[in-house]
Amino acid sequence: MEFVAGSRIVIHGAKVGDTERHGEVIEARGDSGGPPYYIRFDDGHESLVFPGPDCEIEHRE
């Protein structure tokens with residue numbers, strides 16, 4: 001899975017009752033645009049993320 005700067009990401013809750021987290025990819029820090037990705041979440045939190053099976057690109061409608 002590869003994201004580019006400006007991509008929107010959604011991370012689904014890992015357990016029942018966990019909320020989804022939505023954010024924007026600020027920077028790809030891995031080789032050739034791969035992970036880890038620096039993400040700014042909609043709540044203002046920023047974090048370095050290695051996406052797992054609970055992550056996907058958020059498609060705009």
# chains A, B, ... in the order shown; residues from 1 in each chain; ligands from 1

call {"tool": "residues_around", "arguments": {"residues": "A:Glu27", "least_positions_apart": "4", "cutoff": "7 Å", "atoms": "only C-alpha atoms", "output": "list in words"}}
result
Ala5, Tyr37 and Tyr38 of chain A

call {"tool": "residues_around", "arguments": {"residues": "A:Asp42", "least_positions_apart": "5", "cutoff": "10 Å", "atoms": "only C-alpha atoms", "output": "list in words"}}
result
Arg21, His22, Gly23 and Glu24 of chain A

call {"tool": "closest_residue", "arguments": {"among": "A:Thr19, A:Ser7, A:Asp54, A:Val25", "to": "A:Phe41", "atoms": "only C-alpha atoms"}}
result
A:Val25

call {"tool": "residues_around", "arguments": {"residues": "A:Glu20", "least_positions_apart": "3", "cutoff": "12 Å", "atoms": "only C-alpha atoms", "output": "CSV table (one decimal) with all heavy atoms, in the first residue's frame"}}
result
chain,number,residue,atom,x,y,z
A,9,ILE,N,-6.4,9.2,4.6
A,9,ILE,CA,-6.3,7.9,5.2
A,9,ILE,C,-7.4,7.7,6.2
A,9,ILE,O,-7.8,8.6,6.9
A,9,ILE,CB,-4.9,7.6,5.8
A,9,ILE,CG1,-4.7,6.2,6.2
A,9,ILE,CG2,-4.6,8.6,6.9
A,9,ILE,CD1,-3.3,5.9,6.6
A,10,VAL,N,-7.9,6.5,6.3
A,10,VAL,CA,-8.8,6.1,7.4
A,10,VAL,C,-8.2,4.8,8.1
A,10,VAL,O,-7.7,3.9,7.4
A,10,VAL,CB,-10.2,5.8,6.9
A,10,VAL,CG1,-10.3,4.7,5.9
A,10,VAL,CG2,-11.2,5.6,8.0
A,11,ILE,N,-8.2,4.9,9.4
A,11,ILE,CA,-7.7,3.7,10.2
A,11,ILE,C,-8.9,3.2,11.0
A,11,ILE,O,-9.4,3.9,11.8
A,11,ILE,CB,-6.5,4.1,11.1
A,11,ILE,CG1,-5.4,4.7,10.3
A,11,ILE,CG2,-6.1,2.9,11.9
A,11,ILE,CD1,-4.2,5.2,11.1
A,12,HIS,N,-9.3,2.0,10.6
A,12,HIS,CA,-10.5,1.4,11.3
A,12,HIS,C,-10.1,1.0,12.7
A,12,HIS,O,-9.0,0.6,13.0
A,12,HIS,CB,-11.0,0.2,10.5
A,12,HIS,CG,-11.4,0.6,9.1
A,12,HIS,ND1,-12.6,1.3,8.8
A,12,HIS,CD2,-10.8,0.4,7.9
A,12,HIS,CE1,-12.7,1.5,7.5
A,12,HIS,NE2,-11.6,0.9,6.9
A,13,GLY,N,-11.1,1.0,13.6
A,13,GLY,CA,-10.9,0.6,15.0
A,13,GLY,C,-10.5,-0.9,15.0
A,13,GLY,O,-11.0,-1.7,14.2
A,14,ALA,N,-9.6,-1.2,15.9
A,14,ALA,CA,-9.1,-2.6,16.0
A,14,ALA,C,-10.0,-3.5,16.8
A,14,ALA,O,-10.0,-4.7,16.6
A,14,ALA,CB,-7.7,-2.6,16.6
A,15,LYS,N,-10.8,-2.9,17.6
A,15,LYS,CA,-11.7,-3.7,18.4
A,15,LYS,C,-13.1,-3.1,18.3
A,15,LYS,O,-13.3,-1.9,17.9
A,15,LYS,CB,-11.3,-3.6,19.9
A,15,LYS,CG,-10.0,-4.1,20.3
A,15,LYS,CD,-9.7,-4.0,21.7
A,15,LYS,CE,-9.6,-2.5,22.0
A,15,LYS,NZ,-9.0,-2.2,23.3
A,16,VAL,N,-14.1,-3.9,18.6
A,16,VAL,CA,-15.5,-3.4,18.6
A,16,VAL,C,-15.6,-2.2,19.5
A,16,VAL,O,-15.1,-2.3,20.7
A,16,VAL,CB,-16.5,-4.5,19.0
A,16,VAL,CG1,-17.9,-4.0,19.2
A,16,VAL,CG2,-16.4,-5.7,18.0
A,17,GLY,N,-16.2,-1.2,19.1
A,17,GLY,CA,-16.3,0.0,19.9
A,17,GLY,C,-15.3,1.1,19.6
A,17,GLY,O,-15.5,2.2,20.0
A,23,GLY,N,-7.3,11.1,8.6
A,23,GLY,CA,-6.2,12.1,8.5
A,23,GLY,C,-5.7,12.3,7.1
A,23,GLY,O,-6.2,11.7,6.1
A,41,PHE,N,-3.8,13.9,11.7
A,41,PHE,CA,-5.2,13.4,11.9
A,41,PHE,C,-6.1,14.6,12.1
A,41,PHE,O,-5.7,15.7,12.4
A,41,PHE,CB,-5.3,12.5,13.1
A,41,PHE,CG,-4.6,11.2,12.9
A,41,PHE,CD1,-3.3,11.0,13.3
A,41,PHE,CD2,-5.2,10.1,12.2
A,41,PHE,CE1,-2.6,9.7,13.1
A,41,PHE,CE2,-4.6,8.9,11.9
A,41,PHE,CZ,-3.3,8.7,12.4
A,42,ASP,N,-7.4,14.4,11.8
A,42,ASP,CA,-8.4,15.4,11.8
A,42,ASP,C,-8.5,16.1,13.2
A,42,ASP,O,-8.9,17.3,13.2
A,42,ASP,CB,-9.7,14.9,11.3
A,42,ASP,CG,-9.7,14.5,9.9
A,42,ASP,OD1,-8.8,14.9,9.1
A,42,ASP,OD2,-10.7,13.9,9.4
A,43,ASP,N,-8.1,15.4,14.2
A,43,ASP,CA,-8.2,16.0,15.6
A,43,ASP,C,-6.9,16.9,15.9
A,43,ASP,O,-6.8,17.4,17.0
A,43,ASP,CB,-8.4,15.0,16.6
A,43,ASP,CG,-7.2,14.0,16.8
A,43,ASP,OD1,-6.2,14.1,16.0
A,43,ASP,OD2,-7.3,13.1,17.6
A,54,ASP,N,-5.7,-2.5,8.8
A,54,ASP,CA,-6.8,-1.7,9.2
A,54,ASP,C,-6.8,-0.3,8.6
A,54,ASP,O,-7.7,0.5,8.8
A,54,ASP,CB,-6.9,-1.6,10.7
A,54,ASP,CG,-5.6,-1.0,11.3
A,54,ASP,OD1,-4.5,-1.0,10.5
A,54,ASP,OD2,-5.6,-0.5,12.4
A,55,CYS,N,-5.9,-0.1,7.6
A,55,CYS,CA,-5.8,1.2,7.0
A,55,CYS,C,-6.2,1.2,5.5
A,55,CYS,O,-6.0,0.2,4.9
A,55,CYS,CB,-4.3,1.7,7.0
A,55,CYS,SG,-3.7,2.0,8.6
A,56,GLU,N,-6.8,2.3,5.0
A,56,GLU,CA,-7.1,2.3,3.6
A,56,GLU,C,-7.2,3.8,3.2
A,56,GLU,O,-7.2,4.7,4.0
A,56,GLU,CB,-8.5,1.7,3.3
A,56,GLU,CG,-9.6,2.3,4.0
A,56,GLU,CD,-10.9,1.6,3.7
A,56,GLU,OE1,-11.3,1.6,2.5
A,56,GLU,OE2,-11.6,1.1,4.6
A,58,GLU,N,-9.0,7.0,1.9
A,58,GLU,CA,-10.3,7.4,2.1
A,58,GLU,C,-10.7,8.1,0.7
A,58,GLU,O,-10.1,9.0,0.3
A,58,GLU,CB,-10.4,8.5,3.2
A,58,GLU,CG,-11.7,9.0,3.5
A,58,GLU,CD,-11.7,9.9,4.7
A,58,GLU,OE1,-11.0,11.0,4.6
A,58,GLU,OE2,-12.4,9.6,5.6

call {"tool": "residues_around", "arguments": {"residues": "A:Ala28", "least_positions_apart": "5", "cutoff": "12 Å", "atoms": "only C-alpha atoms", "output": "PDB file with all heavy atoms, in the first residue's frame"}}
result
ATOM      1  N   MET A   1       0.844  -1.158   0.000  1.00  0.00           N
ATOM      2  CA  MET A   1       0.000   0.000   0.000  1.00  0.00           C
ATOM      3  C   MET A   1       0.897   1.231   0.000  1.00  0.00           C
ATOM      4  O   MET A   1       1.770   1.358   0.840  1.00  0.00           O
ATOM      5  CB  MET A   1      -0.876  -0.037   1.253  1.00  0.00           C
ATOM      6  CG  MET A   1      -1.727   1.168   1.448  1.00  0.00           C
ATOM      7  SD  MET A   1      -2.728   1.130   2.968  1.00  0.00           S
ATOM      8  CE  MET A   1      -3.443  -0.485   2.938  1.00  0.00           C
ATOM      9  N   GLU A   2       0.694   2.124  -0.934  1.00  0.00           N
ATOM     10  CA  GLU A   2       1.469   3.346  -0.988  1.00  0.00           C
ATOM     11  C   GLU A   2       0.544   4.551  -1.026  1.00  0.00           C
ATOM     12  O   GLU A   2      -0.419   4.594  -1.771  1.00  0.00           O
ATOM     13  CB  GLU A   2       2.378   3.364  -2.208  1.00  0.00           C
ATOM     14  CG  GLU A   2       3.543   2.421  -2.080  1.00  0.00           C
ATOM     15  CD  GLU A   2       4.571   2.611  -3.175  1.00  0.00           C
ATOM     16  OE1 GLU A   2       4.551   3.645  -3.858  1.00  0.00           O
ATOM     17  OE2 GLU A   2       5.396   1.705  -3.341  1.00  0.00           O
ATOM     18  N   PHE A   3       0.840   5.498  -0.185  1.00  0.00           N
ATOM     19  CA  PHE A   3       0.119   6.754  -0.137  1.00  0.00           C
ATOM     20  C   PHE A   3       1.066   7.853  -0.605  1.00  0.00           C
ATOM     21  O   PHE A   3       2.275   7.711  -0.511  1.00  0.00           O
ATOM     22  CB  PHE A   3      -0.315   7.079   1.302  1.00  0.00           C
ATOM     23  CG  PHE A   3      -1.290   6.099   1.879  1.00  0.00           C
ATOM     24  CD1 PHE A   3      -0.855   5.023   2.626  1.00  0.00           C
ATOM     25  CD2 PHE A   3      -2.649   6.259   1.678  1.00  0.00           C
ATOM     26  CE1 PHE A   3      -1.745   4.141   3.182  1.00  0.00           C
ATOM     27  CE2 PHE A   3      -3.552   5.367   2.231  1.00  0.00           C
ATOM     28  CZ  PHE A   3      -3.107   4.304   2.982  1.00  0.00           C
ATOM     29  N   VAL A   4       0.513   8.955  -1.099  1.00  0.00           N
ATOM     30  CA  VAL A   4       1.315  10.117  -1.462  1.00  0.00           C
ATOM     31  C   VAL A   4       0.851  11.291  -0.614  1.00  0.00           C
ATOM     32  O   VAL A   4      -0.263  11.282  -0.088  1.00  0.00           O
ATOM     33  CB  VAL A   4       1.194  10.453  -2.963  1.00  0.00           C
ATOM     34  CG1 VAL A   4       1.763   9.338  -3.815  1.00  0.00           C
ATOM     35  CG2 VAL A   4      -0.242  10.731  -3.357  1.00  0.00           C
ATOM     36  N   ALA A   5       1.703  12.294  -0.496  1.00  0.00           N
ATOM     37  CA  ALA A   5       1.328  13.482   0.274  1.00  0.00           C
ATOM     38  C   ALA A   5      -0.002  14.020  -0.249  1.00  0.00           C
ATOM     39  O   ALA A   5      -0.226  14.100  -1.448  1.00  0.00           O
ATOM     40  CB  ALA A   5       2.413  14.543   0.165  1.00  0.00           C
ATOM     41  N   GLY A   6      -0.889  14.332   0.673  1.00  0.00           N
ATOM     42  CA  GLY A   6      -2.216  14.824   0.319  1.00  0.00           C
ATOM     43  C   GLY A   6      -3.285  13.747   0.315  1.00  0.00           C
ATOM     44  O   GLY A   6      -4.467  14.055   0.316  1.00  0.00           O
ATOM     45  N   SER A   7      -2.869  12.481   0.299  1.00  0.00           N
ATOM     46  CA  SER A   7      -3.850  11.388   0.358  1.00  0.00           C
ATOM     47  C   SER A   7      -4.575  11.429   1.695  1.00  0.00           C
ATOM     48  O   SER A   7      -3.998  11.795   2.713  1.00  0.00           O
ATOM     49  CB  SER A   7      -3.166  10.025   0.240  1.00  0.00           C
ATOM     50  OG  SER A   7      -2.586   9.833  -1.004  1.00  0.00           O
ATOM     51  N   GLY A  33       8.712   6.384  -1.679  1.00  0.00           N
ATOM     52  CA  GLY A  33       7.343   6.747  -1.317  1.00  0.00           C
ATOM     53  C   GLY A  33       6.633   5.748  -0.431  1.00  0.00           C
ATOM     54  O   GLY A  33       5.427   5.844  -0.225  1.00  0.00           O
ATOM     55  N   GLY A  34       7.362   4.792   0.118  1.00  0.00           N
ATOM     56  CA  GLY A  34       6.763   3.777   0.978  1.00  0.00           C
ATOM     57  C   GLY A  34       6.676   4.233   2.425  1.00  0.00           C
ATOM     58  O   GLY A  34       7.035   5.346   2.764  1.00  0.00           O
ATOM     59  N   PRO A  35       6.181   3.349   3.290  1.00  0.00           N
ATOM     60  CA  PRO A  35       6.045   3.682   4.702  1.00  0.00           C
ATOM     61  C   PRO A  35       7.407   3.796   5.388  1.00  0.00           C
ATOM     62  O   PRO A  35       8.380   3.253   4.882  1.00  0.00           O
ATOM     63  CB  PRO A  35       5.239   2.518   5.268  1.00  0.00           C
ATOM     64  CG  PRO A  35       5.397   1.406   4.312  1.00  0.00           C
ATOM     65  CD  PRO A  35       5.703   2.019   2.977  1.00  0.00           C
ATOM     66  N   PRO A  36       7.456   4.490   6.507  1.00  0.00           N
ATOM     67  CA  PRO A  36       6.355   5.034   7.286  1.00  0.00           C
ATOM     68  C   PRO A  36       5.847   6.350   6.692  1.00  0.00           C
ATOM     69  O   PRO A  36       6.545   7.015   5.928  1.00  0.00           O
ATOM     70  CB  PRO A  36       6.968   5.274   8.667  1.00  0.00           C
ATOM     71  CG  PRO A  36       8.403   5.583   8.377  1.00  0.00           C
ATOM     72  CD  PRO A  36       8.747   4.716   7.181  1.00  0.00           C
ATOM     73  N   TYR A  37       4.617   6.703   7.076  1.00  0.00           N
ATOM     74  CA  TYR A  37       3.979   7.928   6.615  1.00  0.00           C
ATOM     75  C   TYR A  37       3.743   8.844   7.803  1.00  0.00           C
ATOM     76  O   TYR A  37       3.351   8.395   8.871  1.00  0.00           O
ATOM     77  CB  TYR A  37       2.640   7.623   5.940  1.00  0.00           C
ATOM     78  CG  TYR A  37       2.784   6.694   4.768  1.00  0.00           C
ATOM     79  CD1 TYR A  37       2.420   5.360   4.870  1.00  0.00           C
ATOM     80  CD2 TYR A  37       3.320   7.140   3.578  1.00  0.00           C
ATOM     81  CE1 TYR A  37       2.572   4.495   3.806  1.00  0.00           C
ATOM     82  CE2 TYR A  37       3.482   6.284   2.504  1.00  0.00           C
ATOM     83  CZ  TYR A  37       3.108   4.962   2.627  1.00  0.00           C
ATOM     84  OH  TYR A  37       3.272   4.110   1.570  1.00  0.00           O
ATOM     85  N   TYR A  38       4.007  10.129   7.592  1.00  0.00           N
ATOM     86  CA  TYR A  38       3.738  11.117   8.620  1.00  0.00           C
ATOM     87  C   TYR A  38       2.317  11.612   8.372  1.00  0.00           C
ATOM     88  O   TYR A  38       2.016  12.152   7.303  1.00  0.00           O
ATOM     89  CB  TYR A  38       4.753  12.256   8.544  1.00  0.00           C
ATOM     90  CG  TYR A  38       4.724  13.150   9.747  1.00  0.00           C
ATOM     91  CD1 TYR A  38       5.151  12.687  10.984  1.00  0.00           C
ATOM     92  CD2 TYR A  38       4.259  14.441   9.657  1.00  0.00           C
ATOM     93  CE1 TYR A  38       5.131  13.499  12.101  1.00  0.00           C
ATOM     94  CE2 TYR A  38       4.235  15.262  10.770  1.00  0.00           C
ATOM     95  CZ  TYR A  38       4.662  14.785  11.985  1.00  0.00           C
ATOM     96  OH  TYR A  38       4.626  15.590  13.088  1.00  0.00           O
ATOM     97  N   ILE A  39       1.431  11.414   9.339  1.00  0.00           N
ATOM     98  CA  ILE A  39      -0.002  11.687   9.192  1.00  0.00           C
ATOM     99  C   ILE A  39      -0.423  12.799  10.143  1.00  0.00           C
ATOM    100  O   ILE A  39      -0.030  12.808  11.304  1.00  0.00           O
ATOM    101  CB  ILE A  39      -0.838  10.430   9.541  1.00  0.00           C
ATOM    102  CG1 ILE A  39      -0.349   9.201   8.781  1.00  0.00           C
ATOM    103  CG2 ILE A  39      -2.322  10.675   9.334  1.00  0.00           C
ATOM    104  CD1 ILE A  39      -0.622   9.199   7.320  1.00  0.00           C
ATOM    105  N   SER A  47       1.370  11.926  13.706  1.00  0.00           N
ATOM    106  CA  SER A  47       2.034  10.687  14.088  1.00  0.00           C
ATOM    107  C   SER A  47       2.691  10.035  12.886  1.00  0.00           C
ATOM    108  O   SER A  47       2.268  10.207  11.747  1.00  0.00           O
ATOM    109  CB  SER A  47       1.001   9.741  14.695  1.00  0.00           C
ATOM    110  OG  SER A  47       1.603   8.554  15.127  1.00  0.00           O
ATOM    111  N   LEU A  48       3.721   9.250  13.159  1.00  0.00           N
ATOM    112  CA  LEU A  48       4.374   8.424  12.155  1.00  0.00           C
ATOM    113  C   LEU A  48       3.650   7.083  12.137  1.00  0.00           C
ATOM    114  O   LEU A  48       3.496   6.447  13.175  1.00  0.00           O
ATOM    115  CB  LEU A  48       5.842   8.243  12.533  1.00  0.00           C
ATOM    116  CG  LEU A  48       6.804   7.840  11.453  1.00  0.00           C
ATOM    117  CD1 LEU A  48       6.803   8.844  10.309  1.00  0.00           C
ATOM    118  CD2 LEU A  48       8.201   7.726  12.029  1.00  0.00           C
ATOM    119  N   VAL A  49       3.182   6.656  10.958  1.00  0.00           N
ATOM    120  CA  VAL A  49       2.329   5.469  10.856  1.00  0.00           C
ATOM    121  C   VAL A  49       2.905   4.471   9.854  1.00  0.00           C
ATOM    122  O   VAL A  49       3.282   4.847   8.741  1.00  0.00           O
ATOM    123  CB  VAL A  49       0.899   5.870  10.419  1.00  0.00           C
ATOM    124  CG1 VAL A  49       0.035   4.654  10.162  1.00  0.00           C
ATOM    125  CG2 VAL A  49       0.256   6.776  11.448  1.00  0.00           C
ATOM    126  N   PHE A  50       2.970   3.227  10.275  1.00  0.00           N
ATOM    127  CA  PHE A  50       3.237   2.112   9.374  1.00  0.00           C
ATOM    128  C   PHE A  50       1.874   1.456   9.144  1.00  0.00           C
ATOM    129  O   PHE A  50       1.365   0.781  10.041  1.00  0.00           O
ATOM    130  CB  PHE A  50       4.190   1.098  10.018  1.00  0.00           C
ATOM    131  CG  PHE A  50       5.611   1.557  10.095  1.00  0.00           C
ATOM    132  CD1 PHE A  50       6.042   2.328  11.164  1.00  0.00           C
ATOM    133  CD2 PHE A  50       6.508   1.230   9.098  1.00  0.00           C
ATOM    134  CE1 PHE A  50       7.361   2.752  11.252  1.00  0.00           C
ATOM    135  CE2 PHE A  50       7.831   1.646   9.182  1.00  0.00           C
ATOM    136  CZ  PHE A  50       8.252   2.411  10.258  1.00  0.00           C
ATOM    137  N   PRO A  51       1.234   1.662   7.987  1.00  0.00           N
ATOM    138  CA  PRO A  51      -0.131   1.167   7.807  1.00  0.00           C
ATOM    139  C   PRO A  51      -0.222  -0.356   7.854  1.00  0.00           C
ATOM    140  O   PRO A  51       0.656  -1.053   7.366  1.00  0.00           O
ATOM    141  CB  PRO A  51      -0.541   1.698   6.441  1.00  0.00           C
ATOM    142  CG  PRO A  51       0.728   2.025   5.747  1.00  0.00           C
ATOM    143  CD  PRO A  51       1.747   2.321   6.798  1.00  0.00           C
TER     144      PRO A  51
END
